[in-house]
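Worksheet for the structure shown next.
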Amino acid sequence: MTSLQSTLGDEPGIAEELASNQRAISIAEFFEKNKHMLGFDSGARGLVTAVKEAVDNALDAAEEAGILPDIYVEIREEGDYYRLIVEDNGPGLTKESLPKVFGKLLYGSRFHRREQARGQQGIGISAAVLYSQLTSGKPAKITSRTQGAAQAEYFELIIDTDENEPEISVEKATRWDRPHGTRIDLEMEANMRARQQLHDYIKHTAVVNPHARLELREPQEHFKFERATDQLPEETEEIRPHPHGVELGTVIKMLNATDSHSVSGFLQNEFTRVGKKTAESVIDAFRDRHFGREMTWRPPAGHERSVSSAVTEATVNKGQEATAAFADGIDDDLSSRERVSHHELVAAVDASADAVEADTGTTFGTTVRENAVEAAWGATCGLEEEADDALEESRLVGDLYDLVDGATSTRKDDEVVHAFAVRLAGKFADEEDQRHRLTEKTLEAFVDRAAELTEEYDDVTFGETARENVVEAVWAVMVTVPDDPPLVRELADDRDGASDLVEGMRATDIMAPPTRCLSPISADLIEAGLRKEFDADFYAAATRDAGVSGGDPFVVEAGIAYGGELEAEGSANILRFANRVPLVYQRGACATTDVVKRIGWRNYGLDQPGGSGVPNGPVVIMVHVASTNVPFTSESKDAVANVPEIEDEIELAIREASRELKRYLNKRRSMQKRRQKQTVLGAILPEMATKVAEVTGNPEPNIDDAIARIMNNVLVERHVETNGDGQAVKLVVENHSSTNESLEITDIVTAEPTNLSDGASVVEMDGEWFVSWNPTVGGGEESALSYDVSSDAAFDVDVKGVESEKLTVTEN
Amino acid sequence: MSTETDQQAREQLIDLAAQFYDQFQLGEIPHMDVPTRTKSNIELDEDLGVWVYGDRTSRRSANSVAGARKLLKAVYTIEFLAHQLEENRSSTLRELYYISESWDNENAHFNDQDESNQLIEDLEIVSAVTREDFHMRPEESGATVLGPLHLLEQTRRGEREIHCQEDVGEGGYQIPNNPDTIEFLDHDAEFILAVETGGMRDRLVENGFDEDYGALIVHLGGQPARATRRIIKRLHDELEIPVTVFADGDPWSYRIYGSVAYGSIKSAHLSEYLATPEAQYIGIQPEDIVEYDLPTDPLSDSDTNALESELEDPRFQTDYWEEQIELQLEIEKKAEQQALASYGLDFVTDTYLPERLSAMGII
């Protein structure tokens, strides 16, 4: 968990934007211009946003210190203004950290932090402080007491809007009843028109923070939300960013800040899921973008000896024998290869030179080697001659012809393919870099140009797809160069280079980030939270496994409450949360709402007019998206954006929870039918029994067994027989259903029972004996409890573990 | 009326109620099993030559709301019938339906007459007592008989001796609901001619066919009532008069013949008592349509379906019927008895019937 002290403005996008703007205009002016996107566009909303920021930070502060949060929110009318007071029982603040926390809009921009935190929401409490100051002209009044401190401290804080610097104007010791914590008192222009949103926010916060105690006192109403659990959310671990989730600006900052020298070290140290091998893959991808790849060509066949003769010709003063060995060595090496690139040729020349040097003692200096490379490369490309028609006949054309022919549709004319290959070869031949080293972009430009010329002169189409295929085919035979990547400090100053690195990171397959940085609420606690705040008949919740979107891990959880005191009229109540923070505005723009609408709720037994849209009925649907970076539709962070991966998980989570709802509703319906059946049969069968007795002239028969059997019920029947001075009691459980039933039977007897049958136990309490017996009775079977007791004893049996609809108890 | 039979019937009913009582006492779900009354559950009784119910039974059980209501109604009906027998009264099936409306228990009221009829059938089967012995009458009266037959009927106003030609008008003698109250004294009949339609019956009477050929003309009036079938059965068994059936040439008429000869699906439990397996079918046969070139109507879809279902009906699985039905399906035509009038009003009595009867070896 992150704390209030460190999460302010923990949001790179805005932070950067604010920072750049700040130089030109004052922070106040900036705030005025952007207050809509910060959630302060109206007095009504400003109040809700201020409450939200203060409460979010208070929760984070307490949680980080391992304290169960106890938060008090008060809103008072003060003349034309409203006064907002938020108290927490967090660890309290020191004088040094306090102005930064509450005062400076950009404090704590630890841009690379990857951890689930509320603070990611909104712009932070400092914006509320500024809003208060701008609208009321009054300072923020802050009381804080650190744990164990003898007394609390009181501060008044004003932000210098020209300098964006907080100033403490008043500072004194004070008395405060909380042993530790922070209290902030802000006066602001506001109104209570958004009362409903405010209530929702507090209530929903209570749902997703079952470990917190919340209290809200506003001019009209007063709510308290007690804890449902004493279990703090699991602490999250901060993780390093994932290579797929970072932006260029962030990477440049990281390059500046890192201690690593090499790119490989930088990648391994600063990112998660990057080891040596992955770093190598990223660097290869970077090389392809930064340096480009080198084209490979088919070397001339060994028997032509054209490489050998070219090298021999270019090598002087090395003696015939050594020269021949050198030249043949190169030729042999090349002709053993399918294709060869320039740097591979350089390596081959070096290898041959070194070998001959070792054999003969003749030295092959740099110049000799360079000449040899040039000659051999010329022979390989077939461009050594300066003739006009050299190109047409060159080896490049043949090579490219085969590549292009393989990559384009068979309907392309041979002549056209040939003409295109000639033009493409021309681009290579004209390339300044004789190593034929190109980036993919340059290659695309080559192909485009050649295609355009072909279209122009040969009057044929050479479309997008054909061009893409050719680029793909050629890029595939080009090879990554072995050049060392630039050092970190070089890259830090090289925006294009850093951009290549970011692209390289994105293009590389990298394992999904770890999820220990997330703290889902857990299905159990969601259910507990719903239970606490909604008086329903049924609750279910589901937590999905973590997923990854754009390099950020996320977890989706869903909860459902149904029936009971929930509003039966109208559509379902959808509660949306991101990182444990309720989203109260822009319901219609949220991915959560979209997903709820597209689920076929009729399948789950809910009413859904027209088969789509928000279902009707007494239902609460809750969705929580936890992520290191929740994608929002806008800066005001009211709605989760429609990211497919997240939408899919939201749907699966809701469906998982709803499956239980379906089972519950089906069961409820069948129980309802059973009740109806029992009611009707309960009337008919006694009438039938009476009539049968009348017709046959017998006393009325006992029909309990028959009814239990008809209803597949569990029948608990007491038989009492006089047994000497006392009575023998027998409780018989007959299970007429087809499944096992586990019962909890307590028989309360007014005298001490003896001779208790096996499996039962007895406890005396205030002159009553509680016989408890928990039998499991299989379908169609029966089981009995027996004991002896004095003849004046009375009994009262209580049966649990079976739905009352399925239970028939008869006391004789 | 034999009070002995009444007493026996009453006891059978009370036994049935006692069975429910015992089921309650044993903690069982009250139920009664009755043979399934569908076409697939009737089979030929080789000894009797009639069709009876097979082994398949349906359980009327109180384990559903509908089933419990049914049994409740059964018990109320048992009580009512027992009273009726005690007081030597009788009632009709339709009256039973209305009488249930007066019962104090709304759950015991019948929803419609089909329900009460079906219940009476159930009780008949389970108690092995016919509804006549319960003193339950059908609404419609039995058919009429005209011909050389002398009988004695027990009526509420004493014994009546009746000659079915001399003592009756052209309408003939009305068969009582319970023909077992009749005693046959004497007869002069050569054969019984059971006629489907009233029009044809009147034609035969007008043409004096009963006198000319010694025929006992029985009017079936569509699907014959139990009393009609019972009297035919008794005339055949006791007086050994051969039985012939004269009906239209369509699938529905074959069923009328089937119920006279082999019993009906709904009363297969009484086949032994009602069916006359020796009864012979005169016509109109599909063969006649071709042979006499009768005016015809085309078969409707439901006719075709009925014919096809008759091919599956165990009662019609004989070479004769298979041949006739297949022929009819082939020509896709049907003809009424009255179609014979296209050759003149006397054609049926002068030509068709004598030809058919002699071909069948009756005259």
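Identifiers for the structure tokens are assigned positionally: chains receive A, B, ... in sequence, residues are indexed from 1 per chain, and ligands are indexed from 1 in the order shown.
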Starting from chain B, keep only residues with some atom at most 7 Å from an atom of chain A, counting only C-alpha atoms, and report them as a PDB file with N, CA, C and O atoms, in the first residue's frame.
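Now in out.pdb:
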ATOM      1  N   ILE B  14     -66.262 -49.851  -1.258  1.00  0.00           N
ATOM      2  CA  ILE B  14     -65.737 -49.560   0.079  1.00  0.00           C
ATOM      3  C   ILE B  14     -64.355 -50.178   0.251  1.00  0.00           C
ATOM      4  O   ILE B  14     -63.466 -49.590   0.872  1.00  0.00           O
ATOM      5  N   ALA B  17     -61.883 -47.796  -0.999  1.00  0.00           N
ATOM      6  CA  ALA B  17     -61.608 -46.735  -0.036  1.00  0.00           C
ATOM      7  C   ALA B  17     -60.717 -47.261   1.077  1.00  0.00           C
ATOM      8  O   ALA B  17     -59.794 -46.564   1.543  1.00  0.00           O
ATOM      9  N   ALA B  18     -60.955 -48.494   1.481  1.00  0.00           N
ATOM     10  CA  ALA B  18     -60.163 -49.084   2.555  1.00  0.00           C
ATOM     11  C   ALA B  18     -58.705 -49.225   2.125  1.00  0.00           C
ATOM     12  O   ALA B  18     -57.778 -49.081   2.928  1.00  0.00           O
ATOM     13  N   TYR B  21     -57.135 -46.067   2.756  1.00  0.00           N
ATOM     14  CA  TYR B  21     -56.956 -45.908   4.193  1.00  0.00           C
ATOM     15  C   TYR B  21     -55.693 -46.635   4.658  1.00  0.00           C
ATOM     16  O   TYR B  21     -54.869 -46.074   5.371  1.00  0.00           O
ATOM     17  N   PHE B  24     -52.500 -44.831   3.672  1.00  0.00           N
ATOM     18  CA  PHE B  24     -52.199 -43.748   4.614  1.00  0.00           C
ATOM     19  C   PHE B  24     -51.547 -44.313   5.869  1.00  0.00           C
ATOM     20  O   PHE B  24     -50.522 -43.814   6.330  1.00  0.00           O
ATOM     21  N   GLN B  25     -52.148 -45.328   6.420  1.00  0.00           N
ATOM     22  CA  GLN B  25     -51.672 -45.888   7.675  1.00  0.00           C
ATOM     23  C   GLN B  25     -50.247 -46.404   7.563  1.00  0.00           C
ATOM     24  O   GLN B  25     -49.461 -46.283   8.493  1.00  0.00           O
ATOM     25  N   GLY B  27     -48.046 -45.182   5.790  1.00  0.00           N
ATOM     26  CA  GLY B  27     -47.134 -44.099   5.428  1.00  0.00           C
ATOM     27  C   GLY B  27     -46.814 -44.093   3.948  1.00  0.00           C
ATOM     28  O   GLY B  27     -45.860 -43.481   3.505  1.00  0.00           O
ATOM     29  N   GLU B  28     -47.633 -44.820   3.174  1.00  0.00           N
ATOM     30  CA  GLU B  28     -47.411 -44.824   1.729  1.00  0.00           C
ATOM     31  C   GLU B  28     -48.167 -43.674   1.102  1.00  0.00           C
ATOM     32  O   GLU B  28     -49.094 -43.125   1.698  1.00  0.00           O
ATOM     33  N   ILE B  29     -47.765 -43.346  -0.098  1.00  0.00           N
ATOM     34  CA  ILE B  29     -48.495 -42.322  -0.829  1.00  0.00           C
ATOM     35  C   ILE B  29     -49.746 -42.981  -1.398  1.00  0.00           C
ATOM     36  O   ILE B  29     -49.635 -43.976  -2.124  1.00  0.00           O
ATOM     37  N   ASN B  63     -49.031 -38.016  -5.222  1.00  0.00           N
ATOM     38  CA  ASN B  63     -47.771 -37.292  -5.043  1.00  0.00           C
ATOM     39  C   ASN B  63     -47.679 -36.017  -5.872  1.00  0.00           C
ATOM     40  O   ASN B  63     -46.672 -35.349  -5.865  1.00  0.00           O
ATOM     41  N   VAL B  65     -50.159 -32.443  -7.027  1.00  0.00           N
ATOM     42  CA  VAL B  65     -51.384 -31.747  -6.661  1.00  0.00           C
ATOM     43  C   VAL B  65     -52.562 -32.283  -7.485  1.00  0.00           C
ATOM     44  O   VAL B  65     -53.630 -32.589  -6.949  1.00  0.00           O
ATOM     45  N   ALA B  68     -53.457 -35.817  -6.337  1.00  0.00           N
ATOM     46  CA  ALA B  68     -54.138 -35.821  -5.043  1.00  0.00           C
ATOM     47  C   ALA B  68     -55.593 -35.403  -5.215  1.00  0.00           C
ATOM     48  O   ALA B  68     -56.499 -35.974  -4.602  1.00  0.00           O
ATOM     49  N   ARG B  69     -55.823 -34.397  -6.078  1.00  0.00           N
ATOM     50  CA  ARG B  69     -57.203 -33.962  -6.316  1.00  0.00           C
ATOM     51  C   ARG B  69     -58.014 -35.111  -6.905  1.00  0.00           C
ATOM     52  O   ARG B  69     -59.159 -35.343  -6.519  1.00  0.00           O
ATOM     53  N   LEU B  72     -58.924 -37.532  -4.283  1.00  0.00           N
ATOM     54  CA  LEU B  72     -59.930 -36.958  -3.391  1.00  0.00           C
ATOM     55  C   LEU B  72     -61.314 -37.086  -4.031  1.00  0.00           C
ATOM     56  O   LEU B  72     -62.292 -37.483  -3.395  1.00  0.00           O
ATOM     57  N   VAL B  75     -62.594 -40.602  -3.850  1.00  0.00           N
ATOM     58  CA  VAL B  75     -63.161 -40.983  -2.563  1.00  0.00           C
ATOM     59  C   VAL B  75     -64.565 -40.397  -2.393  1.00  0.00           C
ATOM     60  O   VAL B  75     -65.488 -41.078  -1.927  1.00  0.00           O
ATOM     61  N   GLU B  79     -68.097 -42.499  -2.059  1.00  0.00           N
ATOM     62  CA  GLU B  79     -69.095 -42.275  -1.022  1.00  0.00           C
ATOM     63  C   GLU B  79     -70.486 -42.081  -1.641  1.00  0.00           C
ATOM     64  O   GLU B  79     -71.487 -42.663  -1.206  1.00  0.00           O
TER      65      GLU B  79
END
Could you list, as a CSV table (one decimal) with N, CA, C and O atoms, in the first residue's frame, every residue within 12 Å of Gln147 (chain A), counting only C-alpha atoms and ignoring same-chain residues fewer than 6 positions away?
chain,number,residue,atom,x,y,z
A,62,ALA,N,-3.7,5.1,6.7
A,62,ALA,CA,-3.9,4.2,7.8
A,62,ALA,C,-3.5,2.8,7.4
A,62,ALA,O,-2.8,2.1,8.2
A,65,ALA,N,0.2,2.1,7.5
A,65,ALA,CA,0.8,2.0,8.9
A,65,ALA,C,0.2,0.7,9.6
A,65,ALA,O,0.5,0.5,10.7
A,67,ILE,N,-2.9,0.1,10.3
A,67,ILE,CA,-3.9,0.5,11.3
A,67,ILE,C,-5.3,0.3,10.6
A,67,ILE,O,-5.4,0.7,9.4
A,89,ASN,N,-7.3,8.1,11.5
A,89,ASN,CA,-6.5,7.6,12.6
A,89,ASN,C,-5.2,7.0,12.1
A,89,ASN,O,-4.6,6.1,12.6
A,90,GLY,N,-4.7,7.6,11.0
A,90,GLY,CA,-3.4,7.2,10.4
A,90,GLY,C,-2.2,7.6,11.3
A,90,GLY,O,-2.4,8.0,12.4
A,91,PRO,N,-1.0,7.4,10.8
A,91,PRO,CA,0.2,7.6,11.6
A,91,PRO,C,0.5,9.0,11.9
A,91,PRO,O,1.3,9.3,12.7
A,92,GLY,N,-0.2,10.0,11.3
A,92,GLY,CA,0.1,11.4,11.5
A,92,GLY,C,1.2,11.9,10.7
A,92,GLY,O,1.9,11.1,10.0
A,93,LEU,N,1.4,13.2,10.7
A,93,LEU,CA,2.4,13.7,9.8
A,93,LEU,C,3.4,14.6,10.6
A,93,LEU,O,3.0,15.2,11.6
A,94,THR,N,4.6,14.6,10.1
A,94,THR,CA,5.6,15.5,10.7
A,94,THR,C,5.5,16.9,10.0
A,94,THR,O,4.9,17.0,8.9
A,178,ARG,N,-7.8,12.2,19.5
A,178,ARG,CA,-7.2,11.0,18.8
A,178,ARG,C,-5.8,10.8,19.2
A,178,ARG,O,-5.0,11.7,19.3
A,179,PRO,N,-5.4,9.5,19.5
A,179,PRO,CA,-4.0,9.3,19.9
A,179,PRO,C,-3.0,9.5,18.7
A,179,PRO,O,-1.9,9.8,18.9
A,180,HIS,N,-3.5,9.3,17.5
A,180,HIS,CA,-2.7,9.6,16.3
A,180,HIS,C,-3.6,9.8,15.2
A,180,HIS,O,-4.8,9.3,15.2
A,181,GLY,N,-3.1,10.5,14.2
A,181,GLY,CA,-4.0,10.7,13.0
A,181,GLY,C,-3.8,12.1,12.4
A,181,GLY,O,-2.9,12.9,12.9
A,182,THR,N,-4.6,12.4,11.5
A,182,THR,CA,-4.6,13.7,10.8
A,182,THR,C,-6.0,14.2,10.6
A,182,THR,O,-6.9,13.4,10.4
DSSP alpha helix (DSSP H) residues within region 399-615 of chain A, as number ranges by chain: A: 399-407, 414-430, 440-458, 464-477, 488-492, 495-507, 523-533, 591-598
Backbone DSSP call of strand (DSSP E) for region 181-347 of chain B, listed as a count of residues only: 28
Gap from CA of Ile265 (chain B) to CA of Thr144 (chain B) - Å, one decimal: 23.9 Å
Spatial neighbours of Asp459 (chain A), 12 Å, only C-alpha atoms, chain gap at least 4 places, as an mmCIF file with N, CA, C and O atoms, in the first residue's frame:
data_model
loop_
_atom_site.group_PDB
_atom_site.id
_atom_site.type_symbol
_atom_site.label_atom_id
_atom_site.label_comp_id
_atom_site.auth_asym_id
_atom_site.auth_seq_id
_atom_site.Cartn_x
_atom_site.Cartn_y
_atom_site.Cartn_z
ATOM 1 N N ASP A 413 2.835 -10.937 -63.638
ATOM 2 C CA ASP A 413 3.610 -11.295 -64.826
ATOM 3 C C ASP A 413 5.095 -11.404 -64.490
ATOM 4 O O ASP A 413 5.610 -10.632 -63.708
ATOM 5 N N GLU A 415 7.553 -10.607 -66.327
ATOM 6 C CA GLU A 415 8.217 -9.385 -66.787
ATOM 7 C C GLU A 415 8.089 -8.284 -65.750
ATOM 8 O O GLU A 415 9.025 -7.542 -65.474
ATOM 9 N N VAL A 416 6.866 -8.189 -65.197
ATOM 10 C CA VAL A 416 6.606 -7.155 -64.208
ATOM 11 C C VAL A 416 7.456 -7.413 -62.972
ATOM 12 O O VAL A 416 8.086 -6.503 -62.430
ATOM 13 N N ALA A 419 10.947 -6.486 -63.748
ATOM 14 C CA ALA A 419 11.124 -5.036 -63.812
ATOM 15 C C ALA A 419 11.157 -4.459 -62.406
ATOM 16 O O ALA A 419 11.968 -3.580 -62.085
ATOM 17 N N PHE A 420 10.256 -4.970 -61.547
ATOM 18 C CA PHE A 420 10.203 -4.495 -60.177
ATOM 19 C C PHE A 420 11.502 -4.851 -59.444
ATOM 20 O O PHE A 420 12.088 -4.018 -58.752
ATOM 21 N N ALA A 451 7.734 0.109 -56.498
ATOM 22 C CA ALA A 451 6.379 -0.246 -56.909
ATOM 23 C C ALA A 451 5.752 0.887 -57.705
ATOM 24 O O ALA A 451 5.092 0.655 -58.726
ATOM 25 N N GLU A 452 5.948 2.111 -57.211
ATOM 26 C CA GLU A 452 5.378 3.261 -57.924
ATOM 27 C C GLU A 452 5.931 3.338 -59.335
ATOM 28 O O GLU A 452 5.195 3.558 -60.303
ATOM 29 N N LEU A 453 7.249 3.163 -59.458
ATOM 30 C CA LEU A 453 7.853 3.217 -60.792
ATOM 31 C C LEU A 453 7.290 2.117 -61.680
ATOM 32 O O LEU A 453 7.003 2.335 -62.851
ATOM 33 N N THR A 454 7.124 0.943 -61.083
ATOM 34 C CA THR A 454 6.601 -0.171 -61.870
ATOM 35 C C THR A 454 5.180 0.139 -62.336
ATOM 36 O O THR A 454 4.829 -0.106 -63.495
ATOM 37 N N GLU A 455 4.409 0.704 -61.431
ATOM 38 C CA GLU A 455 3.034 1.040 -61.816
ATOM 39 C C GLU A 455 3.038 2.078 -62.931
ATOM 40 O O GLU A 455 2.264 2.005 -63.877
#
Within 6 Å of region 69-84 of chain A using only C-alpha atoms, minus same-chain residues under 2 positions, as an NGL selection string: :A and (59 or 62 or 67 or 86-89 or 185-190 or 212-219)
